[in-house]
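Q: Pasting start_25.cif below, which is mmCIF, C-alpha atoms.
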```cif
data_query
loop_
_atom_site.label_atom_id
_atom_site.label_comp_id
_atom_site.auth_asym_id
_atom_site.auth_seq_id
_atom_site.Cartn_x
_atom_site.Cartn_y
_atom_site.Cartn_z
CA MET A 494 1.89 -8.13 -64.66
CA ARG A 495 1.59 -4.60 -65.99
CA GLY A 496 0.98 -5.75 -69.51
CA ARG A 497 -1.84 -7.97 -68.41
CA LEU A 498 -3.69 -5.32 -66.38
CA LEU A 499 -3.33 -2.20 -68.48
CA PRO A 500 -5.45 -3.15 -71.47
CA GLY A 501 -9.19 -3.53 -71.08
CA GLY A 502 -11.40 -0.95 -69.27
CA ASP A 503 -13.08 -3.61 -67.11
CA SER A 504 -10.00 -4.03 -64.91
CA ARG A 505 -10.14 -0.39 -63.69
CA PRO A 506 -12.88 -0.72 -61.03
CA GLN A 507 -10.83 -3.47 -59.37
CA PHE A 508 -8.07 -0.90 -58.91
CA ARG A 509 -10.27 1.96 -57.76
CA LEU A 510 -11.94 0.00 -54.99
CA PRO A 511 -8.84 -0.72 -52.88
CA GLU A 512 -7.71 2.85 -53.40
CA ARG A 513 -11.00 4.20 -52.07
CA SER A 514 -10.99 1.94 -49.01
CA LEU A 515 -7.37 2.87 -48.43
CA ARG A 516 -8.36 6.52 -48.43
CA LEU A 517 -11.22 5.75 -46.06
CA LEU A 518 -8.83 3.93 -43.71
CA PHE A 519 -6.45 6.86 -43.89
CA ASN A 520 -9.27 9.29 -43.09
CA ILE A 521 -10.44 7.21 -40.10
CA ALA A 522 -6.88 6.96 -38.81
CA LEU A 523 -6.47 10.71 -39.26
CA ALA A 524 -9.72 11.38 -37.35
CA LEU A 525 -8.60 9.11 -34.49
CA VAL A 526 -5.17 10.72 -34.28
CA VAL A 527 -6.79 14.17 -34.25
CA ALA A 528 -9.29 13.04 -31.57
CA ILE A 529 -6.66 11.55 -29.24
CA ALA A 530 -4.20 14.39 -29.75
CA MET A 531 -6.82 17.12 -29.22
CA GLY A 532 -8.48 15.37 -26.29
CA ALA A 533 -5.24 14.57 -24.46
CA ALA A 534 -3.65 17.95 -25.14
CA SER A 535 -6.70 19.94 -24.03
CA ALA A 536 -7.15 17.77 -20.90
CA TRP A 537 -3.48 18.15 -19.97
CA TYR A 538 -3.59 21.89 -20.65
CA SER A 539 -6.71 22.50 -18.59
CA LEU A 540 -5.36 20.45 -15.65
CA ASP A 541 -2.00 22.16 -15.82
CA ARG A 542 -3.22 25.72 -16.14
CA GLY A 543 -5.06 25.73 -12.85
CA ARG A 544 -8.59 25.65 -11.64
CA LEU A 545 -10.95 27.69 -13.71
CA PHE A 546 -14.27 27.25 -11.96
CA ASN A 547 -15.82 28.44 -8.72
CA SER A 548 -12.90 30.57 -7.65
CA LEU A 549 -13.16 33.45 -5.21
CA SER A 550 -10.87 36.28 -6.26
CA LEU A 551 -10.04 39.27 -4.10
CA GLY A 552 -7.43 41.43 -5.80
CA GLU A 553 -4.32 39.33 -6.35
CA TRP A 554 -5.63 36.55 -4.04
CA THR A 555 -7.61 33.55 -5.25
CA ALA A 556 -9.27 30.77 -3.28
CA TRP A 557 -11.27 27.71 -4.32
CA PRO A 558 -13.83 27.17 -1.56
CA GLU A 559 -15.39 24.24 -3.41
CA SER A 560 -12.11 22.44 -4.00
CA GLY A 561 -12.23 18.96 -2.51
CA SER A 562 -15.91 19.17 -1.62
CA PRO A 563 -18.20 16.40 -2.88
CA ASP A 564 -19.95 18.79 -5.28
CA ALA A 565 -16.76 20.23 -6.76
CA ASP A 566 -16.43 20.22 -10.55
CA PRO A 567 -14.64 17.25 -12.20
CA TYR A 568 -11.67 19.44 -13.15
CA SER A 569 -10.81 20.27 -9.56
CA GLY A 570 -11.20 16.58 -8.65
CA ALA A 571 -8.80 15.57 -11.43
CA MET A 572 -6.40 18.31 -10.45
CA LEU A 573 -6.28 17.19 -6.81
CA ALA A 574 -5.73 13.60 -7.94
CA ARG A 575 -2.72 14.72 -9.98
CA SER A 576 -1.16 17.01 -7.37
CA GLY A 577 -1.83 14.89 -4.28
CA GLU A 578 -2.83 18.04 -2.44
CA VAL A 579 -5.12 17.74 0.55
CA PRO A 580 -7.45 20.77 0.59
CA LEU A 581 -8.83 22.36 3.75
CA GLY A 582 -12.30 21.23 4.77
CA ALA A 583 -15.04 23.86 5.18
CA ALA A 584 -14.88 23.71 8.99
CA GLU A 585 -11.10 23.96 8.89
CA GLY A 586 -10.64 27.09 6.84
CA LEU A 587 -9.86 28.56 3.45
CA ALA A 588 -6.55 29.01 1.62
CA PHE A 589 -5.93 32.03 -0.59
CA SER A 590 -2.94 32.00 -2.91
CA ALA A 591 -1.29 34.77 -4.89
CA ASP A 592 1.12 34.45 -7.81
CA THR A 593 1.30 38.16 -8.55
CA ASP A 594 1.71 41.42 -6.69
CA SER A 595 -0.97 44.13 -6.50
CA SER A 596 -0.01 45.50 -9.93
CA ARG A 597 -0.39 41.97 -11.38
CA SER A 598 3.27 41.34 -12.16
CA PRO A 599 4.43 37.83 -11.26
CA LEU A 600 6.13 37.40 -7.89
CA SER A 601 9.87 37.02 -8.42
CA GLY A 602 12.51 35.92 -5.92
CA ARG A 603 14.76 38.70 -7.20
CA CYS A 604 12.49 41.40 -5.78
CA ASN A 605 11.60 42.58 -2.29
CA TYR A 606 7.92 42.66 -1.39
CA VAL A 607 5.97 44.08 1.47
CA ILE A 608 2.69 42.39 2.33
CA VAL A 609 0.61 44.95 4.18
CA GLY A 610 -2.91 45.27 5.47
CA GLN A 611 -5.51 43.17 7.23
CA THR A 612 -7.13 39.79 6.70
CA PRO A 613 -10.78 38.74 6.72
CA LEU A 614 -12.21 37.47 9.99
CA ALA A 615 -10.54 34.25 11.12
CA ARG A 616 -9.51 32.75 14.43
CA LEU A 617 -6.02 32.12 13.15
CA TRP A 618 -4.14 32.76 9.94
CA THR A 619 -0.77 31.78 8.50
CA LEU A 620 1.22 33.13 5.57
CA THR A 621 3.65 30.83 3.74
CA ALA A 622 5.82 31.21 0.64
CA TYR A 623 6.29 28.36 -1.85
CA ASP A 624 8.42 28.05 -4.97
CA SER A 625 6.77 27.31 -8.32
CA SER A 626 6.91 23.53 -7.77
CA GLY A 627 5.17 23.78 -4.40
CA HIS A 628 8.17 23.40 -2.08
CA LEU A 629 8.78 25.53 0.96
CA MET A 630 11.38 28.22 0.48
CA GLY A 631 14.41 29.11 2.55
CA GLU A 632 17.04 26.94 4.09
CA ALA A 633 16.50 24.26 6.72
CA GLY A 634 15.93 25.80 10.13
CA GLN A 635 14.88 29.14 8.66
CA ARG A 636 11.43 30.59 9.07
CA THR A 637 9.03 29.34 6.39
CA SER A 638 5.84 31.10 7.46
CA PHE A 639 4.22 33.67 9.71
CA GLN A 640 1.18 33.17 11.87
CA SER A 641 -1.25 35.74 13.22
CA ARG A 642 -0.35 35.28 16.89
CA GLU A 643 3.35 36.04 16.63
CA ILE A 644 3.26 38.92 14.20
CA LEU A 645 4.32 42.47 15.11
CA ARG A 646 1.49 44.87 14.24
CA ARG A 647 1.22 48.57 13.74
CA PRO A 648 -0.83 50.54 16.29
CA ASP A 649 -3.83 50.52 13.90
CA GLY A 650 -3.90 46.70 13.78
CA ARG A 651 -2.45 46.44 10.29
CA PHE A 652 0.56 44.22 9.79
CA GLU A 653 3.54 44.41 7.49
CA ILE A 654 5.48 41.33 6.38
CA ARG A 655 8.61 41.73 4.28
CA ALA A 656 9.30 38.93 1.81
CA ALA A 657 12.90 39.21 0.62
CA ALA A 658 15.99 37.12 0.07
CA GLN A 659 18.10 39.36 2.36
CA VAL A 660 17.56 39.96 6.08
CA GLN A 661 14.90 42.61 6.74
CA PRO A 662 13.83 44.46 9.89
CA GLY A 663 10.44 43.62 11.41
CA ASN A 664 8.50 40.61 10.13
CA TRP A 665 10.89 39.02 7.65
CA LEU A 666 9.72 36.12 5.50
CA PRO A 667 12.81 34.66 3.77
CA ILE A 668 12.45 33.71 0.11
CA THR A 669 15.01 32.29 -2.29
CA ARG A 670 16.10 33.82 -5.59
CA VAL A 671 13.78 31.84 -7.81
CA ASP A 672 12.06 33.19 -10.91
CA ARG A 673 8.55 32.65 -9.64
CA PHE A 674 7.04 32.07 -6.26
CA ARG A 675 3.65 32.05 -4.63
CA VAL A 676 2.35 33.06 -1.22
CA VAL A 677 -0.51 31.23 0.48
CA LEU A 678 -2.64 32.89 3.16
CA ARG A 679 -4.59 30.30 5.13
CA LEU A 680 -7.51 31.48 7.20
CA TYR A 681 -8.46 28.92 9.85
CA ASP A 682 -11.96 28.68 11.28
CA THR A 683 -13.27 31.49 9.12
CA PRO A 684 -16.94 32.16 8.28
CA LEU A 685 -15.74 32.68 4.67
CA ALA A 686 -15.10 28.94 4.23
CA THR A 687 -18.69 28.07 5.04
CA GLY A 688 -20.02 30.71 2.67
CA ASN A 689 -20.96 33.33 5.25
CA GLN A 690 -19.61 36.69 4.33
CA LEU A 691 -19.43 39.11 7.20
CA GLY A 692 -18.97 42.72 6.18
CA GLU A 693 -16.53 43.95 3.62
CA LEU A 694 -13.68 41.63 2.73
CA VAL A 695 -10.24 43.10 3.15
CA MET A 696 -7.18 41.24 1.97
CA PRO A 697 -3.58 42.36 2.43
CA GLN A 698 -1.82 43.95 -0.52
CA ILE A 699 1.44 42.65 -1.96
CA LEU A 700 3.56 45.64 -2.96
CA ARG A 701 6.80 45.34 -4.86
CA GLU A 702 9.69 47.42 -3.63
CA SER A 703 13.10 47.02 -5.21
CA CYS A 704 14.45 44.38 -7.57
CA ARG A 705 17.98 43.37 -8.31
CA MET B 20 -10.02 16.42 -50.05
CA ASN B 21 -13.39 17.70 -48.88
CA ARG B 22 -14.00 14.36 -47.26
CA THR B 23 -10.67 14.54 -45.39
CA ILE B 24 -11.72 17.91 -43.92
CA LEU B 25 -14.98 16.31 -42.77
CA PHE B 26 -13.01 13.54 -41.04
CA ILE B 27 -10.77 16.10 -39.33
CA ILE B 28 -13.85 17.94 -38.03
CA GLY B 29 -15.22 14.61 -36.83
CA GLY B 30 -11.89 13.95 -35.11
CA ILE B 31 -12.07 17.30 -33.30
CA LEU B 32 -15.60 16.47 -32.06
CA LEU B 33 -14.42 13.05 -30.93
CA GLY B 34 -11.53 14.82 -29.20
CA GLY B 35 -14.09 16.52 -26.95
CA ILE B 36 -15.30 13.12 -25.81
CA VAL B 37 -11.71 11.97 -25.24
CA HIS B 38 -11.12 15.15 -23.17
CA ILE B 39 -14.16 14.48 -20.96
CA ALA B 40 -13.21 10.80 -20.55
CA ILE B 41 -9.66 11.71 -19.47
CA ILE B 42 -10.89 14.28 -16.91
CA PHE B 43 -13.26 11.73 -15.36
CA LEU B 44 -10.74 8.86 -15.36
CA VAL B 45 -7.78 10.75 -13.87
CA PRO B 46 -8.99 10.41 -10.21
CA THR B 47 -9.46 6.64 -10.66
CA TYR B 48 -6.11 5.91 -12.25
CA SER B 49 -3.87 8.51 -10.63
CA THR B 50 -0.98 7.17 -8.57
CA ARG B 51 0.00 10.60 -7.31
CA ASP B 52 -3.24 11.24 -5.42
CA ALA B 53 -3.42 11.95 -1.70
CA TRP B 54 -4.84 8.52 -0.76
CA THR B 55 -1.86 6.73 -2.36
CA ALA B 56 0.59 9.21 -0.79
CA VAL B 57 -0.94 8.77 2.67
CA GLY B 58 -0.50 4.97 2.37
CA ARG B 59 3.27 5.41 2.28
CA PHE B 60 3.48 6.49 5.93
CA GLY B 61 2.64 3.08 7.34
CA ASP B 62 -0.08 0.52 7.96
CA ASP B 63 -3.74 1.34 7.45
CA ASN B 64 -6.18 1.84 10.34
CA GLN B 65 -3.79 3.77 12.55
CA PHE B 66 -2.66 7.36 12.78
CA HIS B 67 0.86 8.19 11.62
CA ILE B 68 2.53 11.47 12.48
CA LEU B 69 3.91 13.27 9.43
CA PRO B 70 7.50 14.47 9.66
CA ARG B 71 7.74 18.19 10.28
CA ALA B 72 7.71 20.15 7.02
CA GLU B 73 11.09 21.66 6.23
CA PRO B 74 12.22 23.11 2.89
CA GLY B 75 12.83 20.13 0.58
CA THR B 76 11.22 17.49 2.82
CA GLU B 77 7.48 18.09 2.66
CA ALA B 78 5.44 14.99 3.46
CA LEU B 79 2.49 16.08 1.32
CA PRO B 80 2.35 19.03 -1.10
CA TYR B 81 1.17 22.42 0.16
CA LEU B 82 0.76 21.58 3.82
CA ASP B 83 0.97 24.42 6.28
CA PRO B 84 4.34 24.17 8.11
CA THR B 85 2.87 25.73 11.28
CA MET B 86 0.82 22.59 11.96
CA THR B 87 1.69 19.07 13.11
CA TYR B 88 -0.23 16.40 11.25
CA ALA B 89 -1.35 12.82 11.72
CA VAL B 90 -2.95 10.79 8.92
CA CYS B 91 -4.87 7.52 8.94
CA ARG B 92 -6.06 5.50 5.99
CA TYR B 93 -9.10 3.45 6.88
CA SER B 94 -11.41 0.85 5.38
CA LEU B 95 -15.04 0.30 6.35
CA ASN B 96 -15.08 -3.28 5.05
CA LYS B 97 -14.87 -4.79 8.55
CA GLY B 98 -17.32 -2.39 10.18
CA PRO B 99 -17.51 1.26 11.23
CA VAL B 100 -14.31 3.08 12.15
CA ARG B 101 -14.08 5.07 15.37
CA MET B 102 -11.45 7.80 15.75
CA ARG B 103 -10.61 9.10 19.19
CA ALA B 104 -8.03 11.58 20.38
CA SER B 105 -7.39 13.86 23.29
CA LEU B 106 -5.92 17.05 21.92
CA PRO B 107 -4.20 20.17 23.28
CA ASP B 108 -6.15 23.30 24.09
CA THR B 109 -5.30 25.14 20.86
CA PHE B 110 -6.55 25.18 17.29
CA TRP B 111 -6.89 21.68 15.86
CA SER B 112 -9.06 20.28 13.10
CA LEU B 113 -9.91 17.01 11.44
CA ALA B 114 -10.90 16.40 7.82
CA VAL B 115 -12.21 13.08 6.48
CA PHE B 116 -11.71 12.30 2.78
CA ASP B 117 -12.97 9.46 0.63
CA ARG B 118 -10.81 7.32 -1.68
CA ARG B 119 -10.98 9.96 -4.41
CA GLY B 120 -9.89 12.79 -2.15
CA ARG B 121 -13.30 14.36 -1.68
CA ASN B 122 -13.81 15.94 1.71
CA ILE B 123 -16.80 14.26 3.33
CA TYR B 124 -16.56 15.84 6.77
CA SER B 125 -14.52 18.35 8.72
CA LEU B 126 -14.57 19.80 12.19
CA ASN B 127 -12.40 22.04 14.36
CA ASP B 128 -11.76 22.28 18.09
CA ARG B 129 -14.56 24.81 18.51
CA SER B 130 -17.22 22.80 16.69
CA ALA B 131 -16.14 19.74 18.70
CA GLU B 132 -16.90 21.80 21.86
CA ASP B 133 -14.12 20.29 23.95
CA SER B 134 -10.61 19.06 23.37
CA THR B 135 -11.53 15.44 22.68
CA LEU B 136 -12.25 13.95 19.31
CA ASP B 137 -14.74 11.09 19.10
CA LEU B 138 -15.93 10.35 15.59
CA VAL B 139 -17.40 7.29 13.89
CA VAL B 140 -17.30 6.82 10.11
CA ALA B 141 -19.87 4.33 8.81
CA THR B 142 -21.39 3.27 5.51
CA PRO B 143 -25.14 3.99 5.13
CA VAL B 144 -25.93 0.35 6.01
CA GLN B 145 -23.66 0.36 9.07
CA GLN B 146 -25.15 3.66 10.17
CA ALA B 147 -28.68 2.23 9.98
CA GLU B 148 -27.51 -0.69 12.13
CA LEU B 149 -25.97 1.67 14.68
CA LYS B 150 -29.26 3.58 14.86
CA GLN B 151 -31.32 0.45 15.31
CA VAL B 152 -29.25 -0.81 18.21
CA PRO B 153 -28.00 2.35 19.96
CA ARG B 154 -24.85 1.78 21.95
CA GLU B 155 -24.24 3.59 25.18
CA SER B 156 -20.53 3.95 24.40
CA LEU B 157 -21.34 5.97 21.28
CA GLU B 158 -23.59 8.48 23.02
CA SER B 159 -21.19 11.39 22.73
CA ALA B 160 -19.64 10.31 19.43
CA ILE B 161 -20.25 12.12 16.14
CA ILE B 162 -21.43 9.59 13.55
CA ILE B 163 -20.86 10.46 9.90
CA GLU B 164 -21.88 8.60 6.79
CA SER B 165 -19.57 7.71 3.93
CA ALA B 166 -20.74 6.14 0.70
CA ALA B 167 -17.16 5.08 -0.10
CA THR B 168 -15.68 2.21 1.90
CA ASN B 169 -12.14 3.55 1.75
CA GLY B 170 -10.77 6.88 2.79
CA PHE B 171 -8.37 8.74 5.01
CA ALA B 172 -8.46 11.29 7.80
CA LEU B 173 -6.05 14.16 8.36
CA LEU B 174 -5.77 15.54 11.87
CA ARG B 175 -3.87 18.80 12.38
CA VAL B 176 -2.79 20.59 15.52
CA PHE B 177 -1.55 24.17 15.47
CA VAL B 178 1.99 24.65 16.75
CA PRO B 179 2.34 28.34 17.69
CA ASP B 180 5.99 27.93 18.61
CA PRO B 181 8.59 25.21 17.78
CA THR B 182 8.89 24.47 21.52
CA LEU B 183 5.24 23.33 21.48
CA ALA B 184 5.83 20.82 18.67
CA GLU B 185 6.58 18.02 21.11
CA PRO B 186 3.33 18.29 23.18
CA ALA B 187 1.35 18.39 19.91
CA ALA B 188 3.14 15.29 18.61
CA THR B 189 2.58 13.50 21.93
CA ALA B 190 -1.16 14.20 21.71
CA LEU B 191 -1.23 12.97 18.12
CA ARG B 192 0.68 9.81 19.04
CA GLY B 193 -2.20 8.94 21.36
CA ALA B 194 -4.79 9.34 18.59
CA GLN B 195 -6.65 6.12 17.75
CA CYS B 196 -7.99 5.40 14.30
CA ALA B 197 -9.54 2.01 15.10
CA ALA B 198 -10.85 2.55 18.61
CA PRO B 199 -13.31 -0.07 19.92
CA LEU B 200 -16.92 0.91 19.28
#
```
Could you take the file, read its structure, and then write that structure out as structure tokens?
A:
Amino acid sequence: MRGRLLPGGDSRPQFRLPERSLRLLFNIALALVVAIAMGAASAWYSLDRGRLFNSLSLGEWTAWPESGSPDADPYSGAMLARSGEVPLGAAEGLAFSADTDSSRSPLSGRCNYVIVGQTPLARLWTLTAYDSSGHLMGEAGQRTSFQSREILRRPDGRFEIRAAAQVQPGNWLPITRVDRFRVVLRLYDTPLATGNQLGELVMPQILRESCR
Amino acid sequence: MNRTILFIIGGILLGGIVHIAIIFLVPTYSTRDAWTAVGRFGDDNQFHILPRAEPGTEALPYLDPTMTYAVCRYSLNKGPVRMRASLPDTFWSLAVFDRRGRNIYSLNDRSAEDSTLDLVVATPVQQAELKQVPRESLESAIIIESAATNGFALLRVFVPDPTLAEPAATALRGAQCAAPL
């Protein structure tokens, strides 16, 4: 075989052609692999990182008033479809969540926190702690959240909730010793959810006390 | 070599299209979405009370544990759907979602003006029919329009104290998702 093909210059183009189309095929395959890998990785990353658009941030608290509404962006629609979460409707209320304390360090189950201050106008509010995978914290039968009508307040109307793994005096919200957790403040029947802002918005602060 | 770099750049541009396609297709092909999850609680066209949220046994992700919930998955294929309930004198609210989890309507006890819920979900065609032939029985009902023929409703009642969980559940057990028109 070799001896027959090597001599004679006219047999060379026959060899170059398959090599060129092979390179073209390789390039197309490379482009497709790059396209699928980049597209899938960036889609997964953007859905996993959290909602980027139309958020309402007040200090360490963030809410997505548009989430679940018919004119929400496609990312929040895809995110809800993946999480199975059912967002609050505009007439129902607005949920604010916080992953960090007031100094922007992540909330850790190894620390004690005090959540102090006031909330924006709402008929009712509740405060709940979740672990990083979205499950309620604490043991069965334990308190998992506080609501505005049962809370002990200071004489000036401000409240103080202590989130800690050990028993605390006053309003104690039990948490477990996980690396990361999140607190969600849900304001029910609030003018904020329908886009009406009344006066200055005050959100409670999450202050870290001791860690162990 | 230069040509290979060109193909890689082309691949990155194509990746943008793949990214957009994935984002738009996720709601259609997801099996973890709320509509699928709600279907697990029982038959369609009736309200099902969700088990009380306790650590480790949440019925749906990120639901407020201070509320008692009832869900109903409905279909408008056989005509408009009427939801009726008589609810306790405390905070309650209803949210209606389409198949893709978009909130098409919501109301609370104050916007409903009394403690009864009477709501009709209809497609645009069904709504036009209801307007043409007004029914006396629907005089006080709220009629909302849904472009999608499938969806679900989530009804929540505030439970200020665990001792009040039972009255709330009793009220939700009486909720109808396919009441006669």
Q: Counting all atoms listed in the file, figure out which residue out of B:Phe60, B:Tyr48, B:Phe66, B:Phe26 gets nearest to chain A.
A: B:Phe26
Q: List the residues selected by the PyMOL selection byres ((chain A) within 8 of (chain B)) in the file shown, writing them as a VMD selection string.
A: chain A and resid 520 to 521 523 to 533 535 to 536 561 to 563 567 to 568 570 to 571 573 to 579 581 to 585 619 621 627 to 634 637 to 638 640 642 to 643 682
Q: Please enumerate the residues selected by the PyMOL selection byres ((chain A and resi 649-653) around 8) when evaluated against the supplied file, formatted as a list in words.
A: Val607, Ile608, Val609, Gly610, Gln611, Ile644, Leu645, Arg646, Arg647, Pro648, Ile654, Arg655, Gly663 and Asn664 of chain A
Q: Running the PyMOL selection byres ((chain B and resi 200) around 9) on this model by hand, what would come out? Give it as a PyMOL selection string.
A: chain B and resi 99-101+139+154+156-157+197-199
Q: Given the point (-5.3, 45.8, -1.4) in the coordinates of this file, which residues lie within 12 Å, counting only C-alpha atoms, and how would they look as a ChimeraX atom specification?
A: /A:551-554,594-597,607-612,694-700
Q: Could you tell me how far CA of Ser626 in chain A sits from CA of Asn605 in chain A, in Å to one decimal place?
A: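 Atom-to-atom, CA of Asn605 in chain A to CA of Ser626 in chain A, that is 20.4 Å.
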Q: Could you tell me how far CA of Leu540 in chain A lies from CA of Val677 in chain A, in Å and to one decimal?
A: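 Between CA of Leu540 in chain A and CA of Val677 in chain A the gap works out to 20.0 Å.
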Q: For a test of reading the model, state the distance in Å between CA of Ser569 in chain A and CA of Arg92 in chain B, rounded to one decimal.
A: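 Value for the CA of Ser569 in chain A-CA of Arg92 in chain B distance: 22.0 Å.
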Q: Neighbouring residues of Gly61 in chain B were defined as those with any atom within 12 Å, considering all atoms listed in the file; residues of the same chain fewer than 6 positions away were excluded. Please report them as a list in words.
A: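 Counting only the stated atoms, we get Thr55, His67, Ile68, Leu69, Ala89, Val90, Cys91, Arg92 and Tyr93 of chain B.
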Q: Which residue gives the smallest distance to Asn64 in chain B among B:Thr87, B:Thr142, B:Gln151, B:Asn96, with only C-alpha atoms counted?
A: B:Asn96
Q: So, counting all atoms listed in the file, which residue among A:Phe639, A:Tyr681, A:Trp557, A:Phe674 is closest to Ala615 in chain A?
A: A:Tyr681
Q: Name the residues in contact with Ala141 in chain B at a cut-off of 10 Å, using only C-alpha atoms, excluding same-chain residues fewer than 5 positions from it; report them as a ChimeraX atom specification.
A: /B:94-96,98-101,146-149,162-168
